[in-house]
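Undergrad: Structure file query-v9.txt (compact mmCIF, C-alpha atoms and all ligand atoms) is given on the next line.
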```txt
# COMPACT_ATOMS: atom_id res chain seq x y z
CA MET A 1 129.51 12.02 -13.32
CA LYS A 2 128.96 15.25 -15.23
CA ALA A 3 127.80 18.23 -13.17
CA ALA A 4 127.46 22.02 -13.22
CA PHE A 5 129.34 23.52 -10.28
CA ILE A 6 131.22 26.54 -8.96
CA LYS A 7 134.71 26.80 -7.47
CA GLN A 8 134.17 30.38 -6.31
CA PHE A 9 131.25 32.76 -5.77
CA GLY A 10 130.48 35.22 -8.55
CA GLY A 11 128.42 35.93 -11.66
CA PRO A 12 126.99 33.31 -14.05
CA GLU A 13 130.45 32.96 -15.63
CA VAL A 14 131.78 31.10 -12.55
CA LEU A 15 129.56 28.13 -13.43
CA GLU A 16 131.63 25.26 -14.81
CA TYR A 17 130.57 22.02 -16.46
CA GLY A 18 132.74 18.95 -15.98
CA ASP A 19 133.43 15.70 -14.15
CA LEU A 20 133.10 15.15 -10.42
CA PRO A 21 133.20 11.93 -8.37
CA ASP A 22 129.95 9.92 -8.18
CA PRO A 23 128.16 10.14 -4.81
CA VAL A 24 127.57 7.00 -2.72
CA ALA A 25 124.53 6.26 -0.56
CA ALA A 26 125.16 6.89 3.18
CA ALA A 27 122.90 5.43 5.88
CA GLY A 28 119.25 5.97 5.00
CA GLU A 29 120.09 7.41 1.57
CA VAL A 30 119.44 6.54 -2.03
CA VAL A 31 121.53 7.55 -5.05
CA VAL A 32 119.38 8.94 -7.85
CA ASP A 33 120.31 9.05 -11.53
CA VAL A 34 119.02 12.55 -12.22
CA VAL A 35 116.96 12.93 -15.39
CA ALA A 36 115.93 16.56 -14.86
CA ALA A 37 116.73 19.33 -12.36
CA SER A 38 115.24 22.81 -12.16
CA VAL A 39 116.62 26.30 -11.64
CA ASN A 40 115.34 28.17 -8.59
CA GLY A 41 115.93 31.77 -7.49
CA ALA A 42 117.96 30.41 -4.59
CA ASP A 43 120.51 28.92 -7.01
CA TRP A 44 121.88 32.23 -8.26
CA LYS A 45 121.73 33.64 -4.74
CA VAL A 46 123.95 30.72 -3.61
CA ARG A 47 126.19 31.16 -6.68
CA SER A 48 126.74 34.84 -5.94
CA GLY A 49 127.64 34.16 -2.29
CA GLN A 50 124.49 35.49 -0.61
CA TYR A 51 124.17 32.39 1.56
CA SER A 52 126.52 30.82 4.07
CA GLN A 53 129.92 29.21 3.54
CA ALA A 54 130.36 26.50 0.98
CA VAL A 55 132.85 23.76 0.26
CA PHE A 56 134.11 23.98 -3.33
CA PRO A 57 133.57 22.58 -5.86
CA LEU A 58 129.89 23.21 -5.08
CA VAL A 59 127.26 21.61 -7.31
CA LEU A 60 124.22 23.91 -7.36
CA GLY A 61 120.54 23.00 -7.59
CA ARG A 62 117.86 21.84 -5.21
CA ASP A 63 115.08 19.94 -6.97
CA PHE A 64 115.21 17.02 -9.36
CA SER A 65 113.47 14.02 -10.81
CA GLY A 66 115.17 10.75 -11.69
CA VAL A 67 115.54 7.03 -11.13
CA VAL A 68 116.87 5.28 -8.01
CA ALA A 69 120.25 3.76 -8.90
CA GLU A 70 121.51 2.61 -5.48
CA VAL A 71 119.82 2.02 -2.11
CA ASP A 72 121.42 1.89 1.33
CA GLY A 73 120.66 -1.36 3.17
CA GLY A 74 118.54 0.44 5.77
CA VAL A 75 116.07 1.76 3.19
CA ASP A 76 113.08 -0.52 2.66
CA ASP A 77 110.51 1.71 0.95
CA LEU A 78 112.37 2.49 -2.29
CA LYS A 79 114.14 0.17 -4.70
CA VAL A 80 116.52 0.44 -7.64
CA GLY A 81 114.58 1.47 -10.73
CA ASP A 82 111.89 3.52 -8.91
CA ALA A 83 111.15 6.86 -10.58
CA VAL A 84 111.31 9.53 -7.87
CA PHE A 85 111.34 13.29 -7.44
CA GLY A 86 112.29 15.55 -4.58
CA VAL A 87 114.13 18.50 -3.09
CA LEU A 88 117.51 18.20 -1.37
CA GLU A 89 117.78 18.73 2.39
CA ALA A 90 117.44 22.40 3.45
CA GLY A 91 120.80 24.12 3.08
CA ARG A 92 122.12 21.45 0.67
CA GLU A 93 122.77 22.00 -3.03
CA GLY A 94 123.63 19.38 -5.62
CA ALA A 95 120.87 18.69 -8.16
CA TYR A 96 122.70 20.04 -11.26
CA ALA A 97 124.39 16.67 -11.69
CA GLU A 98 123.93 13.27 -13.27
CA LYS A 99 123.76 11.70 -9.79
CA LEU A 100 122.91 12.78 -6.26
CA ALA A 101 122.59 11.11 -2.85
CA ILE A 102 119.62 12.04 -0.68
CA LYS A 103 117.77 10.75 2.38
CA ALA A 104 115.15 8.28 1.15
CA ALA A 105 112.63 9.69 3.64
CA ILE A 106 112.40 13.03 1.77
CA VAL A 107 111.96 11.54 -1.71
CA ALA A 108 108.59 10.60 -3.25
CA LYS A 109 107.59 8.31 -6.08
CA LYS A 110 107.01 10.24 -9.30
CA PRO A 111 103.50 9.80 -10.71
CA ASP A 112 103.58 7.87 -14.00
CA GLY A 113 101.65 10.57 -15.85
CA LEU A 114 104.12 13.29 -14.88
CA SER A 115 107.32 13.56 -16.94
CA HIS A 116 110.69 13.89 -15.19
CA VAL A 117 111.01 17.43 -16.56
CA ASP A 118 107.62 18.46 -15.16
CA ALA A 119 108.28 16.71 -11.83
CA ALA A 120 111.59 18.57 -11.44
CA ALA A 121 109.79 21.85 -12.20
CA LEU A 122 107.18 21.21 -9.50
CA GLY A 123 109.52 20.18 -6.65
CA LEU A 124 110.62 23.25 -4.72
CA THR A 125 107.92 25.49 -6.22
CA GLY A 126 105.26 23.01 -5.09
CA LEU A 127 106.67 22.59 -1.57
CA THR A 128 106.87 26.36 -1.24
CA ALA A 129 103.39 27.10 -2.58
CA ILE A 130 101.78 24.38 -0.46
CA SER A 131 103.61 25.63 2.63
CA ALA A 132 102.55 29.25 1.95
CA ILE A 133 98.96 28.77 0.82
CA GLU A 134 97.83 25.78 2.88
CA THR A 135 100.03 25.66 5.98
CA THR A 136 100.93 29.30 6.57
CA LEU A 137 98.03 31.37 5.18
CA GLN A 138 95.48 28.58 5.66
CA LEU A 139 93.55 29.99 2.73
CA LYS A 140 89.86 29.13 2.73
CA ARG A 141 87.12 28.75 0.15
CA GLY A 142 85.49 32.10 -0.63
CA GLU A 143 88.46 34.20 0.50
CA THR A 144 90.25 36.67 -1.79
CA ILE A 145 94.03 36.46 -2.21
CA LEU A 146 96.51 38.68 -4.03
CA ILE A 147 99.43 36.62 -5.38
CA GLN A 148 102.35 38.84 -6.37
CA GLY A 149 104.49 37.75 -9.32
CA GLY A 150 101.92 35.42 -10.93
CA ALA A 151 104.07 34.24 -13.86
CA GLY A 152 106.89 32.88 -11.66
CA GLY A 153 107.31 29.23 -10.73
CA VAL A 154 106.05 29.38 -7.13
CA ALA A 155 103.22 31.79 -7.94
CA SER A 156 102.06 29.70 -10.93
CA PHE A 157 101.57 26.78 -8.56
CA ALA A 158 100.02 29.02 -5.89
CA ILE A 159 97.42 30.48 -8.27
CA GLN A 160 96.22 27.03 -9.23
CA LEU A 161 96.23 25.79 -5.62
CA ALA A 162 94.28 28.84 -4.42
CA LYS A 163 91.68 28.29 -7.17
CA HIS A 164 91.48 24.60 -6.23
CA ILE A 165 90.74 25.63 -2.64
CA GLY A 166 87.94 27.85 -3.94
CA ALA A 167 89.46 31.28 -3.33
CA ARG A 168 89.20 34.31 -5.60
CA VAL A 169 92.65 35.05 -7.03
CA ILE A 170 94.08 38.40 -8.05
CA THR A 171 97.62 38.40 -9.41
CA THR A 172 100.25 40.78 -10.79
CA THR A 173 102.36 40.34 -13.90
CA SER A 174 103.84 42.24 -16.85
CA ALA A 175 101.80 42.61 -20.05
CA ALA A 176 103.63 39.74 -21.75
CA ASN A 177 102.28 37.25 -19.23
CA LEU A 178 98.67 38.41 -18.76
CA ASP A 179 97.20 35.54 -20.79
CA TYR A 180 99.52 33.02 -19.15
CA VAL A 181 98.28 33.80 -15.63
CA ARG A 182 94.66 33.95 -16.80
CA GLY A 183 95.20 30.46 -18.20
CA LEU A 184 96.32 29.32 -14.75
CA GLY A 185 92.97 30.43 -13.37
CA ALA A 186 93.55 33.96 -12.05
CA ASP A 187 90.24 35.83 -11.74
CA GLU A 188 91.74 39.31 -11.95
CA VAL A 189 95.12 40.31 -13.38
CA ILE A 190 97.01 43.53 -12.76
CA ASP A 191 99.70 44.63 -15.25
CA TYR A 192 102.12 46.05 -12.69
CA ASN A 193 103.70 48.40 -15.22
CA ALA A 194 100.36 49.97 -16.16
CA GLN A 195 98.58 49.99 -12.80
CA ASP A 196 99.55 50.63 -9.18
CA PHE A 197 98.31 47.50 -7.41
CA THR A 198 97.82 49.41 -4.14
CA LYS A 199 95.17 51.53 -5.92
CA ALA A 200 93.66 48.78 -8.08
CA VAL A 201 93.32 46.12 -5.35
CA SER A 202 91.64 46.17 -1.93
CA GLY A 203 89.59 43.93 0.34
CA CYS A 204 91.97 40.96 0.36
CA ASP A 205 91.92 38.35 3.10
CA ALA A 206 95.43 37.19 2.20
CA VAL A 207 98.52 38.13 0.20
CA PHE A 208 101.24 35.80 -1.05
CA ASP A 209 104.28 37.79 -2.20
CA THR A 210 106.94 36.12 -4.36
CA VAL A 211 108.53 39.38 -5.62
CA GLY A 212 110.09 41.02 -2.56
CA GLY A 213 111.45 44.55 -2.05
CA ASP A 214 108.98 47.44 -2.32
CA VAL A 215 106.30 45.16 -3.74
CA ALA A 216 106.39 43.11 -0.54
CA GLN A 217 106.26 46.13 1.75
CA LYS A 218 103.40 47.78 -0.14
CA SER A 219 101.35 44.58 -0.16
CA PHE A 220 99.99 45.17 3.36
CA ALA A 221 97.85 47.99 1.92
CA VAL A 222 95.46 45.65 0.10
CA LEU A 223 94.55 43.61 3.19
CA ASN A 224 91.29 43.73 5.13
CA PRO A 225 91.66 44.23 8.88
CA GLY A 226 92.71 40.83 10.27
CA GLY A 227 94.28 39.89 6.94
CA ARG A 228 97.46 37.84 6.68
CA ALA A 229 100.38 38.00 4.29
CA ALA A 230 103.13 35.49 3.52
CA PHE A 231 106.52 36.42 2.02
CA ILE A 232 109.17 34.24 0.40
CA ALA A 233 111.36 36.79 -1.39
CA SER A 234 112.20 39.08 1.53
CA GLY A 235 114.91 36.99 3.20
CA ALA A 236 114.57 34.84 6.29
CA GLN A 237 112.19 37.22 8.09
CA ALA A 238 108.80 38.49 6.96
CA PRO A 239 108.74 42.30 6.49
CA LYS A 240 107.36 44.37 9.34
CA PRO A 241 103.85 45.65 8.53
CA ASP A 242 103.16 49.40 8.63
CA ARG A 243 99.77 48.69 10.27
CA ILE A 244 98.91 46.74 13.39
CA ASP A 245 95.75 44.97 12.23
CA VAL A 246 97.39 42.45 9.86
CA THR A 247 99.77 39.51 10.25
CA SER A 248 103.08 39.14 8.39
CA LEU A 249 104.34 35.58 7.98
CA ARG A 250 107.41 33.79 6.60
CA PRO A 251 106.54 30.23 5.48
CA ALA A 252 108.91 27.55 6.74
CA VAL A 253 109.47 25.36 3.69
CA GLY A 254 110.47 21.97 5.07
CA ARG A 255 111.62 18.89 3.19
CA ALA A 256 109.50 15.81 3.58
CA ARG A 257 107.82 13.10 1.56
CA ALA A 258 104.27 14.16 2.53
CA PRO A 259 104.17 17.52 0.69
CA LEU A 260 105.77 15.90 -2.38
CA GLU A 261 102.96 13.35 -2.30
CA ARG A 262 100.54 16.27 -2.00
CA ILE A 263 102.01 17.68 -5.25
CA ALA A 264 101.47 14.29 -6.90
CA GLN A 265 97.92 14.14 -5.54
CA LEU A 266 97.08 17.66 -6.79
CA PHE A 267 98.48 16.74 -10.22
CA ALA A 268 96.47 13.50 -10.31
CA ALA A 269 93.31 15.39 -9.34
CA GLY A 270 93.84 17.78 -12.25
CA ALA A 271 94.18 20.72 -9.85
CA ILE A 272 97.76 21.55 -10.86
CA ARG A 273 99.34 21.46 -14.26
CA PRO A 274 103.06 21.97 -14.77
CA PRO A 275 104.28 25.49 -15.60
CA GLU A 276 105.61 26.59 -18.97
CA ILE A 277 109.14 25.19 -19.19
CA LYS A 278 112.26 26.24 -21.04
CA LEU A 279 114.78 23.40 -21.32
CA TYR A 280 118.57 23.64 -21.00
CA ARG A 281 121.47 21.20 -20.88
CA LEU A 282 123.70 21.22 -17.80
CA SER A 283 126.49 22.66 -19.95
CA GLN A 284 124.25 25.74 -20.44
CA ALA A 285 123.92 26.47 -16.71
CA ALA A 286 125.41 29.98 -17.02
CA GLU A 287 122.85 30.91 -19.69
CA ALA A 288 119.98 29.55 -17.57
CA HIS A 289 121.21 31.55 -14.58
CA ARG A 290 121.30 34.77 -16.63
CA VAL A 291 117.62 34.28 -17.50
CA SER A 292 116.63 33.30 -13.94
CA GLU A 293 118.49 36.25 -12.47
CA SER A 294 116.74 38.65 -14.87
CA ARG A 295 113.54 37.71 -12.98
CA HIS A 296 111.47 38.34 -16.10
CA PHE A 297 110.44 35.09 -17.71
CA ARG A 298 107.54 32.77 -17.10
CA GLY A 299 107.24 29.36 -15.53
CA LYS A 300 110.40 27.36 -14.96
CA LEU A 301 113.86 26.76 -16.42
CA VAL A 302 114.72 23.06 -16.32
CA PHE A 303 117.89 21.09 -17.10
CA GLN A 304 117.37 17.97 -19.16
CA VAL A 305 120.26 16.12 -17.54
CA ARG A 306 120.00 12.79 -19.37
N1 LIG A 401 111.86 28.24 0.36
C1 LIG A 401 111.76 29.48 -0.01
O1 LIG A 401 111.68 30.36 0.80
C2 LIG A 401 111.68 29.82 -1.46
C3 LIG A 401 111.43 28.80 -2.38
C4 LIG A 401 111.32 29.12 -3.72
C5 LIG A 401 111.49 30.44 -4.11
N2 LIG A 401 111.79 31.39 -3.21
C6 LIG A 401 112.00 32.78 -3.64
O2 LIG A 401 110.76 33.23 -4.14
C7 LIG A 401 110.97 34.15 -5.21
C8 LIG A 401 110.15 33.72 -6.40
O3 LIG A 401 110.72 32.59 -7.02
P1 LIG A 401 110.14 31.98 -8.35
O4 LIG A 401 111.13 30.95 -8.76
O5 LIG A 401 108.75 31.59 -8.17
O6 LIG A 401 110.08 33.16 -9.38
P2 LIG A 401 111.23 34.14 -9.93
O7 LIG A 401 111.98 33.42 -10.94
O8 LIG A 401 112.04 34.71 -8.87
O9 LIG A 401 110.34 35.29 -10.50
C9 LIG A 401 110.08 35.40 -11.83
C10 LIG A 401 108.73 36.07 -12.01
O10 LIG A 401 108.60 37.26 -11.22
C11 LIG A 401 107.78 38.15 -11.95
N3 LIG A 401 108.02 39.53 -11.50
C12 LIG A 401 109.21 40.17 -11.45
N4 LIG A 401 109.01 41.42 -10.94
C13 LIG A 401 107.68 41.54 -10.69
C14 LIG A 401 106.85 42.57 -10.15
N5 LIG A 401 107.35 43.75 -9.80
N6 LIG A 401 105.53 42.33 -9.99
C15 LIG A 401 105.00 41.15 -10.34
N7 LIG A 401 105.72 40.12 -10.88
C16 LIG A 401 107.05 40.33 -11.03
C17 LIG A 401 108.19 37.92 -13.39
O11 LIG A 401 107.08 38.18 -14.22
P3 LIG A 401 107.19 39.28 -15.37
O12 LIG A 401 108.22 38.75 -16.35
O13 LIG A 401 105.79 39.32 -15.91
O14 LIG A 401 107.66 40.54 -14.70
C18 LIG A 401 108.59 36.44 -13.44
O15 LIG A 401 107.58 35.63 -13.99
C19 LIG A 401 112.49 34.20 -5.43
O16 LIG A 401 113.02 35.30 -4.72
C20 LIG A 401 112.96 32.90 -4.79
O17 LIG A 401 114.31 32.96 -4.35
C21 LIG A 401 111.87 31.11 -1.89
```
Kindly present the structure from the file in structure tokens form.
Ligand SMILES: NC(=O)c1ccc[n+]([C@@H]2O[C@H](COP(=O)([O-])OP(=O)(O)OC[C@H]3O[C@@H](n4cnc5c(N)ncnc54)[C@H](OP(=O)(O)O)[C@@H]3O)[C@@H](O)[C@H]2O)c1
TA:
Amino acid sequence: MKAAFIKQFGGPEVLEYGDLPDPVAAAGEVVVDVVAASVNGADWKVRSGQYSQAVFPLVLGRDFSGVVAEVDGGVDDLKVGDAVFGVLEAGREGAYAEKLAIKAAIVAKKPDGLSHVDAAALGLTGLTAISAIETTLQLKRGETILIQGGAGGVASFAIQLAKHIGARVITTTSAANLDYVRGLGADEVIDYNAQDFTKAVSGCDAVFDTVGGDVAQKSFAVLNPGGRAAFIASGAQAPKPDRIDVTSLRPAVGRARAPLERIAQLFAAGAIRPPEIKLYRLSQAAEAHRVSESRHFRGKLVFQVR
């Protein structure tokens, strides 16, 4: 199979495109012919060596959409030819490839009305946004939430999910993406280059930060007493608040079929539409990583694999 992989950690230039052996289905697994795979922030962090040890060559990528090509005998709920989407097991990479093997139990059927490209774009971003907004923050109708980094993949999903729940949504973005986040449903938009969000925003019941660094740390300032904040771009631990009357949380983003089916259900209900997508071929992985690593684009970067 063709794949985009690394043989050493480093910059985007270490990404290679070439042939690797096809995977086979182990017990409880299916092999998927990948049609589309998306780029996530984690991918360039893995590529640059920020995560744990790897066995090279290492195929990058976590979420995908495709068609089941092979089924282990123990799997009875998926069959060859099923269109599926999913996210590889936590700590596993391998979606930037024409084929991957994955536990059947963490794959979901792709809705017919959702293209493979859109399904790949919604995989990890959807699991993460659902985990943060519904499971971790337990956002409720009528509450106000600040979502930092509104034009990004996870935040784009989170804005729409928060609106679907019935919350009031404030978000931050650069001037180029103001209309984009308004189109996703944001009630109030802060251009972070023109306004200091800590002065422009207050009275929030919740914060969801997808930016990290100083932005994460300063986010506690906008919370009401008793408010809660969730962080996904500050490493494995949530930052320590500089006040004692708020809660700082780090969503645990698991892999399971149920939250993928929740993505499908939200799409079917019209609550979530796919983000803006820029398409690449697997042979352009280095170029896609340069854009992702710049952290200034909108929506998702997706590989059209076949
Ligand atoms: N399981 C997990 O824990 C998990 C899962 C997925 C993602 N993540 C992490 O979550 C983060 C977000 O990922 P992502 O893929 O959604 O998006 P991303 O690609 O990391 O972020 C891109 C977006 O961030 C915006 N942005 C950059 N600086 C900003 C600032 N100072 N204020 C407001 N917005 C800013 C950019 O908008 P402008 O161009 O308008 O600046 C751009 O749209 C990454 O660090 C990723 O690694 C964690």
Undergrad: Just want the residues within 7 Å of ligand LIG 401 (chain A), written as a ChimeraX atom specification, counting all atoms listed in the file.
TA: /A:40-42,124-125,128,148-155,172-177,192,210-212,215,232-233,251,253,292,295-299
Undergrad: Nearest to A:Glu16 among A:Ser234, A:Thr171, A:Gln284, A:Ser294, with distances taken over only C-alpha atoms: which residue is it?
TA: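 Checking each of A:Ser234, A:Thr171, A:Gln284, A:Ser294 against A:Glu16, counting only C-alpha atoms, the winner is A:Gln284.
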Undergrad: Just to confirm, what's the straight-line distance from atom CA of A:Leu249 to atom CA of A:Ala37 in Å (one decimal)?
TA: 28.8 Å
Undergrad: Quick check, in Å to one decimal: how far apart do atom CA of A:Lys7 and atom CA of A:Asp19 lie?
TA: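 Between atom CA of A:Lys7 and atom CA of A:Asp19 the gap is 13.0 Å.
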Undergrad: List as a ChimeraX atom specification the protein and nucleic acid residues near A:Ala69, meaning an atom at most 8 Å away when all atoms listed in the file are counted, but skip any in the same chain fewer than 4 places from it.
TA: /A:30-33,80-81
Undergrad: Go through A:Ala105, A:Val169, A:Val39, A:Val75 and flag the residue nearest A:Leu184, using only C-alpha atoms for the distances.
TA: A:Val169
Undergrad: Please determine, counting all atoms listed in the file, which residue among A:Ala256, A:Ala230, A:Ala221, A:Leu139 has the shortest atom-to-atom distance to A:Gly166.
TA: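 Among the listed residues, the smallest separation from A:Gly166 belongs to A:Leu139.
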Undergrad: Which of these residues is nearest to A:Val87, using all atoms listed in the file: A:Val55, A:Val291, A:Leu260, A:Ile272?
TA: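 Of A:Val55, A:Val291, A:Leu260, A:Ile272, the one nearest A:Val87 is A:Leu260, counting all atoms listed in the file.
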Undergrad: Can you measure atom CA of A:Asn224 to atom CA of A:Pro241 for me? One decimal in Å is fine.
TA: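 Computing the Euclidean distance for atom CA of A:Asn224 and atom CA of A:Pro241 yields 13.2 Å.
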Undergrad: For the point (109.6, 12.1, -15.7) in file coordinates, what residues are within 9 Å, counting all atoms listed in the file? Give the answer as a PyMOL selection string?
TA: chain A and resi 35-36+65-66+83-85+110-120
Undergrad: Taking all atoms listed in the file into account, name the residue in A:Gly74, A:Pro275, A:Gly94, A:Gly49 that is nearest to A:Ala4.
TA: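 Among the listed residues, A:Gly94 lies closest to A:Ala4.
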Undergrad: From the set A:Lys300, A:His289, A:Arg228, A:Arg257, which residue has the shortest atom-to-atom contact distance to A:Ile106, counting only C-alpha atoms?
TA: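 Closest to A:Ile106, using only C-alpha atoms: A:Arg257.
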Undergrad: Can you tell me, as a JSON list (two decimals) with C-alpha atoms, in the frame of the given file, which residues sit within 12 Å of (125.6, 21.5, -7.4) in the file's frame, using all atoms listed in the file?
TA:
```json
[["chain", "number", "residue", "atom", "x", "y", "z"],
["A", 1, "MET", "CA", 129.51, 12.02, -13.32],
["A", 2, "LYS", "CA", 128.96, 15.25, -15.23],
["A", 3, "ALA", "CA", 127.80, 18.23, -13.17],
["A", 4, "ALA", "CA", 127.46, 22.02, -13.22],
["A", 5, "PHE", "CA", 129.34, 23.52, -10.28],
["A", 6, "ILE", "CA", 131.22, 26.54, -8.96],
["A", 7, "LYS", "CA", 134.71, 26.80, -7.47],
["A", 15, "LEU", "CA", 129.56, 28.13, -13.43],
["A", 16, "GLU", "CA", 131.63, 25.26, -14.81],
["A", 17, "TYR", "CA", 130.57, 22.02, -16.46],
["A", 18, "GLY", "CA", 132.74, 18.95, -15.98],
["A", 19, "ASP", "CA", 133.43, 15.70, -14.15],
["A", 20, "LEU", "CA", 133.10, 15.15, -10.42],
["A", 23, "PRO", "CA", 128.16, 10.14, -4.81],
["A", 37, "ALA", "CA", 116.73, 19.33, -12.36],
["A", 38, "SER", "CA", 115.24, 22.81, -12.16],
["A", 39, "VAL", "CA", 116.62, 26.30, -11.64],
["A", 43, "ASP", "CA", 120.51, 28.92, -7.01],
["A", 44, "TRP", "CA", 121.88, 32.23, -8.26],
["A", 46, "VAL", "CA", 123.95, 30.72, -3.61],
["A", 47, "ARG", "CA", 126.19, 31.16, -6.68],
["A", 54, "ALA", "CA", 130.36, 26.50, 0.98],
["A", 55, "VAL", "CA", 132.85, 23.76, 0.26],
["A", 56, "PHE", "CA", 134.11, 23.98, -3.33],
["A", 57, "PRO", "CA", 133.57, 22.58, -5.86],
["A", 58, "LEU", "CA", 129.89, 23.21, -5.08],
["A", 59, "VAL", "CA", 127.26, 21.61, -7.31],
["A", 60, "LEU", "CA", 124.22, 23.91, -7.36],
["A", 61, "GLY", "CA", 120.54, 23.00, -7.59],
["A", 62, "ARG", "CA", 117.86, 21.84, -5.21],
["A", 63, "ASP", "CA", 115.08, 19.94, -6.97],
["A", 64, "PHE", "CA", 115.21, 17.02, -9.36],
["A", 88, "LEU", "CA", 117.51, 18.20, -1.37],
["A", 91, "GLY", "CA", 120.80, 24.12, 3.08],
["A", 92, "ARG", "CA", 122.12, 21.45, 0.67],
["A", 93, "GLU", "CA", 122.77, 22.00, -3.03],
["A", 94, "GLY", "CA", 123.63, 19.38, -5.62],
["A", 95, "ALA", "CA", 120.87, 18.69, -8.16],
["A", 96, "TYR", "CA", 122.70, 20.04, -11.26],
["A", 97, "ALA", "CA", 124.39, 16.67, -11.69],
["A", 98, "GLU", "CA", 123.93, 13.27, -13.27],
["A", 99, "LYS", "CA", 123.76, 11.70, -9.79],
["A", 100, "LEU", "CA", 122.91, 12.78, -6.26],
["A", 101, "ALA", "CA", 122.59, 11.11, -2.85],
["A", 282, "LEU", "CA", 123.70, 21.22, -17.80],
["A", 285, "ALA", "CA", 123.92, 26.47, -16.71]]
```
Undergrad: Env of A:Gly227: 6 Å cut, atoms = only C-alpha atoms, seq-sep filter 5 positions within chain, self excluded. Answer as a PyMOL selection string.
TA: chain A and resi 205-206+246
Undergrad: Export, as a compact mmCIF listing (two decimals), in the coordinates of the input, the selected residues with C-alpha atoms.
TA:
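That gives us again.txt:
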```txt
# COMPACT_ATOMS: atom_id res chain seq x y z
CA ASP A 205 91.92 38.35 3.10
CA ALA A 206 95.43 37.19 2.20
CA VAL A 246 97.39 42.45 9.86
```
Undergrad: Could you name the residues that touch A:Glu29 at 7 Å or less, counting only C-alpha atoms, but leaving out those on the same chain fewer than 2 positions away, as a list of chain:residue names?
TA: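 Surrounding residues, per the criterion: A:Ala25, A:Ala26, A:Ala27, A:Val31, A:Val71, A:Asp72, A:Ala101, A:Ile102, A:Lys103, A:Ala104.
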Undergrad: Set the distance at 9 Å and use all atoms listed in the file: which residues neighbour A:Phe197 once local chain neighbours fewer than 2 positions away are removed? I'd like the list as a ChimeraX atom specification.
TA: /A:172,190-192,195,199-202,218-219,222
Undergrad: Please produce stretch 134-138 of chain A, completed to all heavy atoms, as a CSV table (one decimal), keeping the file's coordinate frame.
TA:
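The result, stored in selection.csv:
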```csv
chain,number,residue,atom,x,y,z
A,134,GLU,N,98.6,26.7,2.0
A,134,GLU,CA,97.8,25.8,2.9
A,134,GLU,C,98.3,25.9,4.3
A,134,GLU,O,97.4,26.0,5.2
A,134,GLU,CB,97.9,24.3,2.4
A,134,GLU,CG,97.3,24.1,1.0
A,134,GLU,CD,97.1,22.7,0.6
A,134,GLU,OE1,98.0,21.8,1.0
A,134,GLU,OE2,96.2,22.4,-0.2
A,135,THR,N,99.6,25.8,4.6
A,135,THR,CA,100.0,25.7,6.0
A,135,THR,C,100.1,27.0,6.6
A,135,THR,O,99.7,27.2,7.8
A,135,THR,CB,101.4,25.0,6.0
A,135,THR,OG1,101.4,23.9,5.2
A,135,THR,CG2,101.8,24.6,7.4
A,136,THR,N,100.7,28.0,5.9
A,136,THR,CA,100.9,29.3,6.6
A,136,THR,C,99.7,30.2,6.5
A,136,THR,O,99.2,30.7,7.5
A,136,THR,CB,102.1,30.0,5.9
A,136,THR,OG1,103.2,29.1,5.9
A,136,THR,CG2,102.5,31.3,6.6
A,137,LEU,N,99.2,30.5,5.3
A,137,LEU,CA,98.0,31.4,5.2
A,137,LEU,C,96.7,30.7,5.5
A,137,LEU,O,95.7,31.3,5.8
A,137,LEU,CB,98.0,31.9,3.8
A,137,LEU,CG,99.1,32.9,3.4
A,137,LEU,CD1,99.1,33.2,1.9
A,137,LEU,CD2,98.9,34.2,4.2
A,138,GLN,N,96.7,29.4,5.4
A,138,GLN,CA,95.5,28.6,5.7
A,138,GLN,C,94.3,29.2,4.9
A,138,GLN,O,93.2,29.5,5.5
A,138,GLN,CB,95.2,28.5,7.2
A,138,GLN,CG,96.3,27.8,7.9
A,138,GLN,CD,96.1,27.6,9.4
A,138,GLN,OE1,95.0,27.7,9.9
A,138,GLN,NE2,97.2,27.2,10.0
```
